[in-house]
Amino acid sequence: SSCPPIIMKVTIDSKKGLKTNLKVFVDKKTIDERIGARLIELSKTANIKGFRPGKVPVDVLKRQFGKAVYGEVLEKVLKETSTKALEEKKIKIAGQPKLDLKTYGEGKDLNYTLEVDELPFIKIESLEAIKFTDYEINVTENEVKKKIEQIAKNQNNFKDKNGNEVAQEGDLVVFDYNATIENKSFDGGEGKNTQIVLGKDLFIKGFDKQILGCKKDQEKEAIVILPENYPKREFANKKANFKCKILNIKKPESVKIDDQFAKNLGAKDLNNLKELITNQIQNQYKMNLDTLSKENILNQIEKLHEVDLPDNLVQQELALISQGLKKE
């Protein structure tokens with residue numbers, strides 16, 4: 001059904017900087033007509049005991065559903081009139097307006113206020129006078145070489161040790177293990193083909209140094225305290241006995257930096273890898289230097305313009321920044 005037209009009046013109550021208070025008056029006739037239209041709509045579909053479907057008198061519906069219908073109509077009228085009021089006064093709002101009901105109720109005029117923060121008008125000044133530095137980055141051969149050597153060092157390349165050689169720091173040890181707590185097996189206490197690089201202590205704290213000096217095919221025992229963050233909480237901080245069967249020991253081998261090494265990293269050859277690394281280093285510095293240039297430009301633009309800021313946007317930004325921060 002088409003809604004009856006709205007009879008309303010909008011006045012500017014006060015204006016201070018970007019804060020504007022509007023008074024909105026909506027005639028009770030508008031509200032009553034809307035309620036009437038909604039009740040007629042309901043009468044066509046309502047099912048009430050003692051009446052044929054679609055034949056329920058409007059006054060019966062009003063008695064039963066008047067409050068709910070008023071609430072529904074009020075919400076729609078507030079939405080419609082507040083939008084209209086802002087359009088009428090050509091106000092561009094920043095953030096959500098604050099709505100305060102002054103008088104309302106069935107059979108009464110509706111009076112409310114809208115407190116809004118307006119978006120500032122910004123006069124764009126010419127950017128001709130702005131100066132900034134753009135940087136060019138020269139990457140030395142030595143820097144590229146250092147970066148490639150670092151990549152090579154991080155590429156784990158291991159070669160089998162012969163059976164008599166013992167495991168030393170930096171060696172890769174492959175082993176199966178069965179672990180017990182107070183001579184009892186526990187969930188997660190078994191592993192096959194586990195690999196660790198000795199000295200990194202990444203398996204369980206204190207485990208690596210007990211494996212040092214072992215040989216291939218040897219049985220080795222390590223006693224450690226399971227970490228606090230052990231997945232099965234009931235075994236955290238418990239002393240565990242690991243019986244390990246050493247399957248293999250490999251020693252680290254330095255990676256040869258050649259065309260094949262470059263191809264393994266996705267480059268065409270070593271020269272191409274050097275070009276890619278040079279670009280990577282340049283981009284890294286350029287990003288940071290561009291941030292400085294950008295800040296410099298923004299500082300100059302800020303000096304050119306005087307802009308009032310909407311208070312609610314400042315508060316909103318402040319709330320976002322301080323979210324999750326402690327009181328102090």
# chains A, B, ... in the order shown; residues from 1 in each chain; ligands from 1

$ closest_atom_pairs --of "stretch 106-167 of chain A" --to "stretch 81-99 of chain A" --cutoff "8 Å" --atoms "only C-alpha atoms" --output "tab-separated table"
residue	atom	partner	partner_atom	distance
A:Tyr112	CA	A:Leu99	CA	7.0
A:Thr113	CA	A:Leu99	CA	5.8
A:Leu114	CA	A:Leu99	CA	4.7
A:Glu115	CA	A:Lys98	CA	4.9
A:Val116	CA	A:Pro97	CA	4.6
A:Asp117	CA	A:Ala94	CA	5.5
A:Glu118	CA	A:Ile93	CA	4.5
A:Leu119	CA	A:Ala94	CA	5.2

$ closest_atom_pairs --of "stretch 143-237 of chain A" --to "stretch 254-266 of chain A" --cutoff "12 Å" --atoms "only C-alpha atoms" --output "tab-separated table"
residue	atom	partner	partner_atom	distance
A:Lys145	CA	A:Ile257	CA	10.1
A:Lys146	CA	A:Ile257	CA	11.8
A:Lys147	CA	A:Ile257	CA	11.8
A:Ile148	CA	A:Ile257	CA	8.1
A:Glu149	CA	A:Ile257	CA	7.9
A:Gln150	CA	A:Val255	CA	10.7
A:Ile151	CA	A:Val255	CA	9.6
A:Ala152	CA	A:Val255	CA	5.8
A:Lys153	CA	A:Ser254	CA	7.0
A:Asn154	CA	A:Val255	CA	9.3
A:Gln155	CA	A:Val255	CA	7.3
A:Asn156	CA	A:Val255	CA	8.3
A:Asn157	CA	A:Val255	CA	6.6
A:Phe158	CA	A:Ser254	CA	8.5
A:Lys159	CA	A:Ser254	CA	10.0
A:Gly170	CA	A:Ser254	CA	12.0

$ select_by_dssp --residues "stretch 13-86 of chain A" --states "strand (DSSP E or B)" --output "list in words"
Asp13, Ser14, Lys15, Lys16, Lys19, Thr20, Asn21, Leu22, Lys23, Val24, Phe25 and Val26 of chain A

$ residues_around --residues "A:Lys239" --least-positions-apart "4" --cutoff "8 Å" --atoms "only C-alpha atoms" --output "list in words"
Ile181, Glu182, Ile223, Val224, Ile225 and Leu226 of chain A

$ residues_around --residues "A:Phe242" --least-positions-apart "6" --cutoff "10 Å" --atoms "only C-alpha atoms" --output "list in words"
Asp176, Tyr177, Asn178, Ala179, Thr180, Ile181, Gly189, Glu190, Phe207, Lys220, Glu221, Ala222, Ile223 and Val224 of chain A

$ residues_around --residues "A:Lys286" --least-positions-apart "5" --cutoff "8 Å" --atoms "only C-alpha atoms" --output "ChimeraX atom specification"
/A:135-137

$ write_last_selection --atoms "all heavy atoms" --output "PDB file, in the first residue's frame"
ATOM      1  N   TYR A 135      64.422   9.140  -4.481  1.00  0.00           N
ATOM      2  CA  TYR A 135      65.730   8.498  -4.293  1.00  0.00           C
ATOM      3  C   TYR A 135      66.020   7.450  -5.357  1.00  0.00           C
ATOM      4  O   TYR A 135      65.119   6.758  -5.820  1.00  0.00           O
ATOM      5  CB  TYR A 135      65.793   7.826  -2.911  1.00  0.00           C
ATOM      6  CG  TYR A 135      65.590   8.776  -1.762  1.00  0.00           C
ATOM      7  CD1 TYR A 135      64.318   9.028  -1.265  1.00  0.00           C
ATOM      8  CD2 TYR A 135      66.675   9.420  -1.171  1.00  0.00           C
ATOM      9  CE1 TYR A 135      64.108   9.906  -0.199  1.00  0.00           C
ATOM     10  CE2 TYR A 135      66.486  10.295  -0.106  1.00  0.00           C
ATOM     11  CZ  TYR A 135      65.207  10.539   0.370  1.00  0.00           C
ATOM     12  OH  TYR A 135      65.010  11.398   1.413  1.00  0.00           O
ATOM     13  N   GLU A 136      67.280   7.360  -5.707  1.00  0.00           N
ATOM     14  CA  GLU A 136      67.720   6.281  -6.595  1.00  0.00           C
ATOM     15  C   GLU A 136      68.655   5.404  -5.778  1.00  0.00           C
ATOM     16  O   GLU A 136      69.527   5.918  -5.075  1.00  0.00           O
ATOM     17  CB  GLU A 136      68.483   6.901  -7.778  1.00  0.00           C
ATOM     18  CG  GLU A 136      68.573   5.970  -8.972  1.00  0.00           C
ATOM     19  CD  GLU A 136      69.266   6.647 -10.144  1.00  0.00           C
ATOM     20  OE1 GLU A 136      68.659   7.523 -10.790  1.00  0.00           O
ATOM     21  OE2 GLU A 136      70.432   6.308 -10.370  1.00  0.00           O
ATOM     22  N   ILE A 137      68.455   4.114  -5.859  1.00  0.00           N
ATOM     23  CA  ILE A 137      69.250   3.223  -4.995  1.00  0.00           C
ATOM     24  C   ILE A 137      70.275   2.457  -5.817  1.00  0.00           C
ATOM     25  O   ILE A 137      69.938   1.761  -6.764  1.00  0.00           O
ATOM     26  CB  ILE A 137      68.326   2.232  -4.233  1.00  0.00           C
ATOM     27  CG1 ILE A 137      67.418   3.002  -3.271  1.00  0.00           C
ATOM     28  CG2 ILE A 137      69.120   1.220  -3.426  1.00  0.00           C
ATOM     29  CD1 ILE A 137      66.026   3.123  -3.701  1.00  0.00           C
TER      30      ILE A 137
END

$ closest_residue --among "A:Pro231, A:Leu247, A:Lys123, A:Lys23" --to "A:Asp100" --atoms "only C-alpha atoms"
A:Lys23

$ closest_residue --among "A:Ile297, A:Leu101, A:Met8, A:Leu325" --to "A:Asp134" --atoms "only C-alpha atoms"
A:Ile297

$ atom_distance --atom1 "atom CA of A:Asp201" --atom2 "atom CA of A:Lys243"
17.6 Å

$ residues_around --residues "A:Gly107" --least-positions-apart "5" --cutoff "9 Å" --atoms "only C-alpha atoms" --output "PyMOL selection string"
chain A and resi 28-29+31-32

$ atom_distance --atom1 "atom CA of A:Lys15" --atom2 "atom CA of A:Glu125"
26.6 Å

$ closest_residue --among "A:Glu253, A:Asp208, A:Asp187, A:Glu228" --to "A:Gln168" --atoms "only C-alpha atoms"
A:Asp208

$ residues_around --residues "A:Asp171" --least-positions-apart "6" --cutoff "9 Å" --atoms "only C-alpha atoms" --output "NGL selection string"
:A and (158 or 196-199 or 249-252)

$ write_last_selection --atoms "N, CA, C and O atoms" --output "tab-separated table (two decimals), in the first residue's frame"
chain	number	residue	atom	x	y	z
A	158	PHE	N	72.46	-31.76	3.07
A	158	PHE	CA	73.16	-32.71	3.95
A	158	PHE	C	73.61	-33.94	3.16
A	158	PHE	O	72.95	-34.36	2.22
A	196	ILE	N	66.07	-34.04	13.08
A	196	ILE	CA	66.42	-32.78	13.77
A	196	ILE	C	67.86	-32.38	13.40
A	196	ILE	O	68.70	-33.24	13.12
A	197	VAL	N	68.08	-31.06	13.38
A	197	VAL	CA	69.45	-30.56	13.19
A	197	VAL	C	69.99	-30.26	14.57
A	197	VAL	O	69.44	-29.41	15.29
A	198	LEU	N	71.03	-30.97	14.98
A	198	LEU	CA	71.55	-30.83	16.35
A	198	LEU	C	72.09	-29.42	16.59
A	198	LEU	O	72.77	-28.83	15.74
A	199	GLY	N	71.75	-28.91	17.80
A	199	GLY	CA	72.26	-27.58	18.17
A	199	GLY	C	71.17	-26.52	18.07
A	199	GLY	O	71.28	-25.46	18.67
A	249	ILE	N	72.80	-40.43	10.07
A	249	ILE	CA	73.41	-39.16	10.48
A	249	ILE	C	73.98	-38.52	9.22
A	249	ILE	O	74.70	-39.17	8.45
A	250	LYS	N	73.63	-37.23	9.00
A	250	LYS	CA	74.11	-36.53	7.81
A	250	LYS	C	74.82	-35.27	8.23
A	250	LYS	O	74.40	-34.60	9.19
A	251	LYS	N	75.90	-34.96	7.51
A	251	LYS	CA	76.61	-33.72	7.86
A	251	LYS	C	76.26	-32.62	6.85
A	251	LYS	O	75.97	-32.91	5.67
A	252	PRO	N	76.25	-31.35	7.32
A	252	PRO	CA	75.90	-30.27	6.41
A	252	PRO	C	76.98	-30.08	5.35
A	252	PRO	O	78.17	-30.27	5.62

$ select_by_dssp --residues "stretch 81-304 of chain A" --states "helix (DSSP H, G or I)" --output "PyMOL selection string"
chain A and resi 81-88+141-154+208-211+233-235+259-264+270-304

$ write_last_selection --atoms "C-alpha atoms" --output "CSV table (one decimal), in the first residue's frame"
chain,number,residue,atom,x,y,z
A,81,THR,CA,12.2,12.0,8.1
A,82,SER,CA,15.8,12.1,9.4
A,83,THR,CA,17.0,11.3,5.9
A,84,LYS,CA,14.6,14.0,4.4
A,85,ALA,CA,15.6,16.6,7.0
A,86,LEU,CA,19.4,16.2,6.1
A,87,GLU,CA,18.5,16.4,2.4
A,88,GLU,CA,16.4,19.5,2.9
A,141,GLU,CA,77.9,-6.2,-6.0
A,142,ASN,CA,79.2,-7.0,-2.5
A,143,GLU,CA,75.6,-6.6,-1.0
A,144,VAL,CA,74.2,-8.9,-3.7
A,145,LYS,CA,76.9,-11.5,-3.0
A,146,LYS,CA,76.3,-11.4,0.8
A,147,LYS,CA,72.5,-11.9,0.2
A,148,ILE,CA,73.1,-14.9,-2.1
A,149,GLU,CA,75.6,-16.4,0.4
A,150,GLN,CA,73.0,-16.0,3.1
A,151,ILE,CA,70.4,-17.8,1.0
A,152,ALA,CA,72.8,-20.6,0.3
A,153,LYS,CA,73.6,-21.0,4.0
A,154,ASN,CA,69.9,-21.4,4.8
A,208,ASP,CA,69.8,-32.3,21.3
A,209,LYS,CA,72.8,-32.4,23.6
A,210,GLN,CA,71.9,-35.9,24.8
A,211,ILE,CA,72.0,-37.1,21.2
A,233,ARG,CA,47.9,-30.6,28.6
A,234,GLU,CA,48.1,-33.5,31.1
A,235,PHE,CA,51.6,-34.4,30.1
A,259,ASP,CA,73.7,-21.7,-12.4
A,260,GLN,CA,72.1,-24.8,-11.0
A,261,PHE,CA,71.7,-23.2,-7.6
A,262,ALA,CA,70.1,-20.2,-9.3
A,263,LYS,CA,67.7,-22.5,-11.3
A,264,ASN,CA,66.6,-24.2,-8.1
A,270,LEU,CA,73.3,-17.1,-11.7
A,271,ASN,CA,73.4,-13.7,-13.5
A,272,ASN,CA,69.6,-13.6,-13.6
A,273,LEU,CA,69.5,-14.4,-9.9
A,274,LYS,CA,71.9,-11.5,-9.2
A,275,GLU,CA,69.6,-9.2,-11.1
A,276,LEU,CA,66.5,-10.4,-9.2
A,277,ILE,CA,68.3,-10.0,-5.8
A,278,THR,CA,69.4,-6.5,-6.9
A,279,ASN,CA,65.8,-5.5,-7.6
A,280,GLN,CA,64.6,-7.0,-4.4
A,281,ILE,CA,67.1,-5.0,-2.3
A,282,GLN,CA,66.3,-1.8,-4.3
A,283,ASN,CA,62.6,-2.3,-3.8
A,284,GLN,CA,63.1,-2.9,-0.1
A,285,TYR,CA,64.9,0.4,0.3
A,286,LYS,CA,62.6,2.2,-2.2
A,287,MET,CA,59.5,1.3,-0.1
A,288,ASN,CA,61.0,2.8,3.0
A,289,LEU,CA,62.3,5.9,1.3
A,290,ASP,CA,59.0,6.4,-0.5
A,291,THR,CA,57.3,6.3,2.9
A,292,LEU,CA,59.6,9.2,4.0
A,293,SER,CA,58.9,11.1,0.7
A,294,LYS,CA,55.1,10.6,1.2
A,295,GLU,CA,55.3,11.8,4.8
A,296,ASN,CA,57.2,14.9,3.6
A,297,ILE,CA,54.5,15.6,0.9
A,298,LEU,CA,51.6,15.1,3.4
A,299,ASN,CA,53.2,17.5,5.9
A,300,GLN,CA,53.5,20.2,3.2
A,301,ILE,CA,49.9,19.6,2.1
A,302,GLU,CA,48.8,19.9,5.7
A,303,LYS,CA,50.5,23.3,6.1
A,304,LEU,CA,48.7,24.5,3.0

$ atom_distance --atom1 "atom CA of A:Gly213" --atom2 "atom CA of A:Lys184"
27.4 Å

$ closest_residue --among "A:Thr194, A:Asp59, A:Phe65, A:Pro5" --to "A:Glu80" --atoms "only C-alpha atoms"
A:Pro5
